[in-house]
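So this block is entry-v8.txt, compact mmCIF, C-alpha atoms:
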# COMPACT_ATOMS: atom_id res chain seq x y z
CA MET T 20 -9.85 -6.97 28.49
CA ASN T 21 -6.57 -8.60 27.63
CA ALA T 22 -3.94 -6.45 29.40
CA PRO T 23 -0.81 -7.60 27.50
CA ALA T 24 -2.54 -6.91 24.16
CA VAL T 25 -3.55 -3.41 25.31
CA LEU T 26 -0.04 -2.64 26.57
CA LEU T 27 1.54 -3.97 23.40
CA ARG T 28 -0.60 -1.73 21.18
CA ALA T 29 -0.20 1.32 23.42
CA GLY T 30 3.57 0.72 23.40
CA GLY T 31 3.55 0.52 19.62
CA PHE T 32 1.62 3.79 19.27
CA LEU T 33 3.91 5.50 21.79
CA ALA T 34 6.93 4.35 19.78
CA LEU T 35 5.32 5.73 16.60
CA TRP T 36 4.65 9.05 18.35
CA LEU T 37 8.27 9.29 19.53
CA VAL T 38 9.53 8.55 16.00
CA LEU T 39 7.25 11.13 14.37
CA ALA T 40 7.23 13.93 16.97
CA GLY T 41 10.62 13.37 18.61
CA VAL T 42 11.48 12.84 22.27
CA ASN T 43 10.31 16.00 24.04
CA PRO T 44 9.04 16.01 27.66
CA ALA T 45 6.81 19.05 26.97
CA ASP T 46 4.86 16.93 24.44
CA LEU T 47 4.01 14.20 26.97
CA PRO T 48 0.40 15.28 27.70
CA ALA T 49 -0.43 15.43 23.99
CA ALA T 50 1.35 12.11 23.44
CA ALA T 51 -0.66 10.47 26.24
CA VAL T 52 -3.96 11.65 24.75
CA ALA T 53 -2.98 10.57 21.23
CA VAL T 54 -1.72 7.15 22.38
CA ALA T 55 -4.87 6.52 24.46
CA ALA T 56 -7.16 7.52 21.57
CA ALA T 57 -5.22 5.44 19.01
CA THR T 58 -5.19 2.40 21.31
CA TRP T 59 -8.94 2.69 21.92
CA VAL T 60 -9.73 2.98 18.19
CA SER T 61 -7.36 0.12 17.38
CA LEU T 62 -8.92 -2.20 19.98
CA SER T 63 -12.47 -1.41 18.90
CA LEU T 64 -11.74 -1.86 15.16
CA SER T 65 -9.56 -4.93 15.56
CA PRO T 66 -10.15 -6.75 18.87
CA PRO T 67 -7.23 -8.82 20.18
CA SER T 68 -9.37 -11.98 19.91
CA GLY T 69 -9.18 -11.80 16.10
CA PRO T 70 -6.96 -14.00 13.92
CA ARG T 71 -3.31 -14.13 15.01
CA VAL T 72 -0.97 -12.64 12.46
CA SER T 73 1.89 -14.95 11.53
CA LEU T 74 5.05 -12.89 11.95
CA PRO T 75 7.27 -14.83 9.49
CA ASP T 76 4.60 -14.52 6.78
CA LEU T 77 4.11 -10.84 7.60
CA ALA T 78 7.87 -10.33 7.31
CA MET T 79 7.81 -12.06 3.92
CA LEU T 80 4.99 -9.79 2.68
CA ILE T 81 6.87 -6.71 3.91
CA LEU T 82 10.16 -7.80 2.33
CA ARG T 83 8.40 -8.53 -0.95
CA PHE T 84 6.63 -5.17 -1.01
CA PRO T 85 9.44 -2.83 -2.20
CA GLY T 86 10.12 -5.05 -5.24
CA GLN T 87 6.42 -5.10 -6.15
CA SER T 88 6.22 -1.34 -5.67
CA LEU T 89 9.20 -0.97 -8.02
CA LEU T 90 7.59 -3.19 -10.70
CA ALA T 91 4.27 -1.34 -10.34
CA GLY T 92 5.88 2.09 -10.67
CA ILE T 93 8.03 1.08 -13.67
CA ASP T 94 4.98 -0.48 -15.37
CA VAL T 95 2.99 2.76 -15.06
CA ALA T 96 5.97 4.95 -16.05
CA MET T 97 6.65 2.88 -19.22
CA ARG T 98 3.01 3.29 -20.26
CA VAL T 99 2.65 7.01 -19.55
CA PHE T 100 5.92 7.98 -21.24
CA ASP T 101 5.16 5.87 -24.34
CA PRO T 102 3.74 8.16 -27.06
CA ARG T 103 1.28 5.40 -28.11
CA LEU T 104 -0.02 5.13 -24.52
CA PRO T 105 -0.25 1.30 -24.50
CA LEU T 106 -3.31 0.49 -22.39
CA ASN T 107 -5.50 -2.58 -22.50
CA VAL T 108 -7.92 -1.60 -19.79
CA ASP T 109 -10.66 -3.91 -18.58
CA THR T 110 -12.11 -5.41 -15.43
CA VAL T 111 -11.82 -9.06 -14.42
CA PRO T 112 -14.27 -10.59 -11.90
CA TYR T 113 -12.63 -12.27 -8.92
CA SER T 114 -14.10 -14.31 -6.06
CA PRO T 115 -12.04 -13.65 -2.96
CA ARG T 116 -11.57 -16.47 -0.44
CA LEU T 117 -11.34 -14.03 2.46
CA PRO T 118 -14.69 -13.39 4.14
CA GLU T 119 -16.28 -10.01 3.68
CA GLY T 120 -15.12 -7.51 6.27
CA ALA T 121 -11.91 -6.01 7.59
CA ALA T 122 -9.63 -8.82 6.36
CA ARG T 123 -10.92 -8.59 2.77
CA ASP T 124 -10.78 -4.78 2.84
CA ALA T 125 -7.17 -4.96 4.03
CA PHE T 126 -6.37 -7.35 1.20
CA THR T 127 -7.98 -5.19 -1.52
CA ALA T 128 -6.15 -2.12 -0.18
CA TYR T 129 -2.86 -4.04 -0.25
CA ALA T 130 -3.59 -5.40 -3.73
CA SER T 131 -4.21 -1.90 -5.09
CA LEU T 132 -0.49 -1.25 -4.51
CA MET T 133 0.51 -4.32 -6.57
CA PRO T 134 1.55 -3.94 -10.23
CA GLY T 135 -1.22 -3.35 -12.77
CA THR T 136 -4.26 -3.98 -10.56
CA VAL T 137 -6.78 -1.98 -8.53
CA PRO T 138 -9.49 -4.21 -7.00
CA VAL T 139 -12.93 -2.62 -6.66
CA THR T 140 -15.62 -3.81 -4.29
CA ALA T 141 -18.45 -3.24 -6.74
CA ASP T 142 -21.38 -4.11 -4.51
CA ALA T 143 -21.92 -5.48 -1.04
CA GLY T 144 -21.80 -9.28 -0.85
CA GLY T 145 -20.69 -9.86 -4.42
CA ASP T 146 -17.43 -10.61 -6.14
CA ILE T 147 -14.79 -8.00 -6.46
CA LEU T 148 -13.75 -6.61 -9.81
CA ILE T 149 -10.09 -6.19 -10.63
CA HIS T 150 -9.47 -3.11 -12.72
CA CYS T 151 -6.31 -3.74 -14.73
CA LEU T 152 -4.17 -1.64 -17.05
CA ASP T 153 -3.34 -4.65 -19.23
CA VAL T 154 -5.98 -7.36 -19.31
CA THR T 155 -3.69 -9.69 -21.31
CA GLN T 156 -1.69 -10.29 -18.11
CA PRO T 157 -2.74 -13.29 -15.93
CA VAL T 158 -4.42 -10.94 -13.47
CA ALA T 159 -6.75 -13.37 -11.65
CA GLN T 160 -3.99 -15.94 -11.03
CA GLN T 161 -1.70 -13.17 -9.77
CA MET T 162 -4.43 -11.95 -7.41
CA ALA T 163 -5.07 -15.51 -6.13
CA ARG T 164 -1.38 -15.93 -5.31
CA GLU T 165 -1.33 -12.60 -3.47
CA GLU T 166 -4.45 -13.63 -1.56
CA ASP T 167 -2.80 -16.94 -0.57
CA ARG T 168 0.14 -15.01 0.90
CA PHE T 169 -2.26 -12.67 2.68
CA ILE T 170 -4.34 -15.55 4.12
CA ARG T 171 -1.18 -17.27 5.42
CA MET T 172 -0.10 -14.00 7.03
CA LEU T 173 -3.47 -13.60 8.77
CA GLY T 174 -3.19 -17.15 10.09
CA TYR T 175 -6.53 -18.34 8.71
CA ARG T 176 -6.91 -22.08 8.44
CA ASP T 177 -8.02 -23.38 5.06
CA ASP T 178 -11.42 -24.99 5.29
CA MET J 27 30.20 10.49 2.57
CA LEU J 28 30.76 10.90 -1.16
CA VAL J 29 29.07 7.57 -1.85
CA GLY J 30 26.14 8.68 0.33
CA ASN J 31 25.82 11.96 -1.56
CA ILE J 32 25.93 10.24 -4.93
CA ALA J 33 23.27 7.77 -3.76
CA THR J 34 21.12 10.71 -2.61
CA VAL J 35 21.40 12.55 -5.93
CA VAL J 36 20.68 9.42 -7.99
CA LEU J 37 17.77 8.12 -5.88
CA VAL J 38 16.04 11.48 -5.32
CA SER J 39 16.34 12.27 -9.06
CA LEU J 40 14.86 8.87 -9.93
CA GLY J 41 12.09 9.53 -7.42
CA ALA J 42 11.34 12.81 -9.17
CA VAL J 43 11.06 10.96 -12.50
CA PHE J 44 8.38 8.68 -11.03
CA PHE J 45 6.49 11.63 -9.53
CA LEU J 46 6.57 13.14 -13.02
CA ALA J 47 5.27 9.82 -14.41
CA GLY J 48 2.38 9.91 -11.94
CA THR J 49 1.45 13.44 -12.96
CA VAL J 50 1.79 12.72 -16.70
CA GLY J 51 -0.43 9.68 -16.13
CA LEU J 52 -2.99 11.87 -14.39
CA LEU J 53 -3.09 14.04 -17.52
CA ARG J 54 -2.80 11.36 -20.23
CA PHE J 55 -4.79 8.42 -18.84
CA PRO J 56 -8.37 8.37 -20.09
CA ASP J 57 -10.54 7.96 -16.96
CA SER J 58 -10.64 8.06 -13.18
CA MET J 59 -9.83 4.36 -12.67
CA THR J 60 -6.69 4.39 -14.84
CA ARG J 61 -5.61 7.65 -13.20
CA LEU J 62 -5.84 5.89 -9.83
CA HIS J 63 -3.29 3.36 -11.15
CA ALA J 64 -0.95 6.20 -12.11
CA LEU J 65 -1.17 7.91 -8.74
CA THR J 66 -1.01 4.84 -6.50
CA LYS J 67 1.82 3.12 -8.29
CA ALA J 68 4.11 5.79 -9.74
CA ASP J 69 3.91 8.33 -6.92
CA ASN J 70 4.30 5.65 -4.23
CA LEU J 71 7.50 4.47 -5.88
CA GLY J 72 8.65 8.09 -6.30
CA LEU J 73 8.21 8.73 -2.58
CA GLY J 74 9.96 5.45 -1.73
CA LEU J 75 12.99 6.43 -3.82
CA VAL J 76 13.11 9.95 -2.33
CA VAL J 77 12.96 8.50 1.20
CA LEU J 78 15.66 5.94 0.36
CA GLY J 79 17.79 8.71 -1.14
CA LEU J 80 17.47 10.91 1.96
CA LEU J 81 18.46 8.14 4.39
CA PRO J 82 22.24 8.63 3.87
CA GLN J 83 21.80 12.30 4.90
CA VAL J 84 20.24 11.78 8.33
CA ASP J 85 22.34 11.97 11.50
CA SER J 86 20.32 9.77 13.87
CA VAL J 87 18.45 6.48 13.86
CA LEU J 88 15.32 8.32 15.02
CA ALA J 89 15.41 10.62 11.99
CA ALA J 90 15.83 7.61 9.69
CA LEU J 91 12.90 5.85 11.33
CA LYS J 92 10.83 9.00 10.90
CA LEU J 93 11.50 9.05 7.15
CA VAL J 94 10.55 5.38 6.86
CA ALA J 95 7.43 5.95 9.00
CA VAL J 96 6.34 8.75 6.65
CA TRP J 97 6.68 6.35 3.71
CA VAL J 98 4.75 3.57 5.50
CA LEU J 99 1.93 5.91 6.55
CA THR J 100 1.67 7.25 3.00
CA GLN J 101 1.40 3.69 1.63
CA LEU J 102 -1.35 2.84 4.11
CA ALA J 103 -3.27 6.06 3.50
CA GLY J 104 -2.77 5.84 -0.29
CA ALA J 105 -4.02 2.25 -0.46
CA THR J 106 -7.06 3.02 1.69
CA VAL J 107 -8.03 6.16 -0.18
CA THR J 108 -7.56 4.34 -3.52
CA GLN J 109 -10.13 1.78 -2.39
CA LEU J 110 -12.59 4.48 -1.34
CA VAL J 111 -12.18 6.46 -4.57
CA ALA J 112 -12.45 3.30 -6.71
CA ARG J 113 -15.64 2.29 -4.92
CA ALA J 114 -17.13 5.76 -5.33
CA VAL J 115 -16.19 5.86 -9.04
CA TRP J 116 -17.64 2.40 -9.66
CA ARG J 117 -20.91 3.01 -7.83
CA GLY J 118 -21.24 6.32 -9.64
CA GLY J 119 -21.46 4.48 -12.99
CA GLY J 120 -17.98 3.21 -13.78
CA SER J 121 -14.99 4.69 -15.61
Represent the supplied structure as structure tokens.
Amino acid sequence: MNAPAVLLRAGGFLALWLVLAGVNPADLPAAAVAVAAATWVSLSLSPPSGPRVSLPDLAMLILRFPGQSLLAGIDVAMRVFDPRLPLNVDTVPYSPRLPEGAARDAFTAYASLMPGTVPVTADAGGDILIHCLDVTQPVAQQMAREEDRFIRMLGYRDD
Amino acid sequence: MLVGNIATVVLVSLGAVFFLAGTVGLLRFPDSMTRLHALTKADNLGLGLVVLGLLPQVDSVLAALKLVAVWVLTQLAGATVTQLVARAVWRGGGS
């Protein structure tokens, strides 16, 4: 097992514990158990040998997120408060470039927070469907651009 | 201090408006999938604005980080649960 990777993750979970529960020596035994369990689950779900996340691209995704969240929230609010309830609901098929598995699941979860779209994995092995509030928007192109950003962040090489 | 308090009142009030939008969407939108849009997008933004509005009121960096961590964890959990609900709705026959 890769010791630096284990220590890095355990350190991250310990930091999260301290932020959430506060610095309190009496909590240490509980913190140790929680950190050990979280590190174990994290290593088994996402082994350190996986793709290396590109930190600059991750930072770009994170910085972009609040603006997208704002657009998404305003879009929904404008529709729900409009007496005519302007909806143009439909699903658009989309072929993701990410392979099936954790990376694609992470992308669809991320994309469900983007404005106007909720991707649905309709059946195993197939395309995903994008459920959109307004199908007249260029939904598939938007999703492809988001996926490009996500692929760069995960450090996959194009092949 | 005054600027901080004004920011808090404005941002938390705006946050409440988006929480209201999420709930109105839950009532007005026609099916489970569109309601998921309302909850994931409007309520997430509402929480973000409330967290942003409370930041000027905290007295330590740790407390500020805690507020931000709550927002981040809610985004992660919300996105994941949205995917699970959407999948369940779709496999149960759509809408």
message: Using all atoms listed in the file and a cut-off of 8 Å, which residues of chain T sit close to chain J? Please list them as a ChimeraX atom specification.
response: /T:35,38-39,41,88-89,91-93,95-96,99-100,108,127-129,131-142,150,152
query: Residues at most 10 Å from Asn107 (chain T), counting only C-alpha atoms, excluding those fewer than 5 positions away in the same chain, as a list in words?
result: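 Contacts, with the query itself left out: Cys151, Leu152, Asp153, Val154, Thr155 and Gln156 of chain T.
Distance-wise, CA of Gln87 (chain T) and CA of Asn31 (chain J) end up 26.2 Å apart.
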- request: Can you work out the spacing between CA of Ile170 (chain T) and CA of Leu78 (chain J) in Å, to one decimal?
  value: 29.6 Å
- line: Pairwise distance, CA of Phe169 (chain T) with CA of Val111 (chain T), equals 19.9 Å
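Near region 52-60 of chain T, within 6 Å and counting only C-alpha atoms, sit Ala29, Phe32, Leu33, Ala49, Ala50, Leu62 and Ser63 of chain T, not including residues fewer than 2 positions from it in the same chain.
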Report as JSON the centre and the edge lengths, in Å to one decimal, of the axis-aligned box holding every listed atom of region 67-78 of chain J, padded by 3 Å on each side.
{"center_x": 8.7, "center_y": 6.5, "center_z": -4.3, "size_x": 19.8, "size_y": 12.8, "size_z": 16.9}
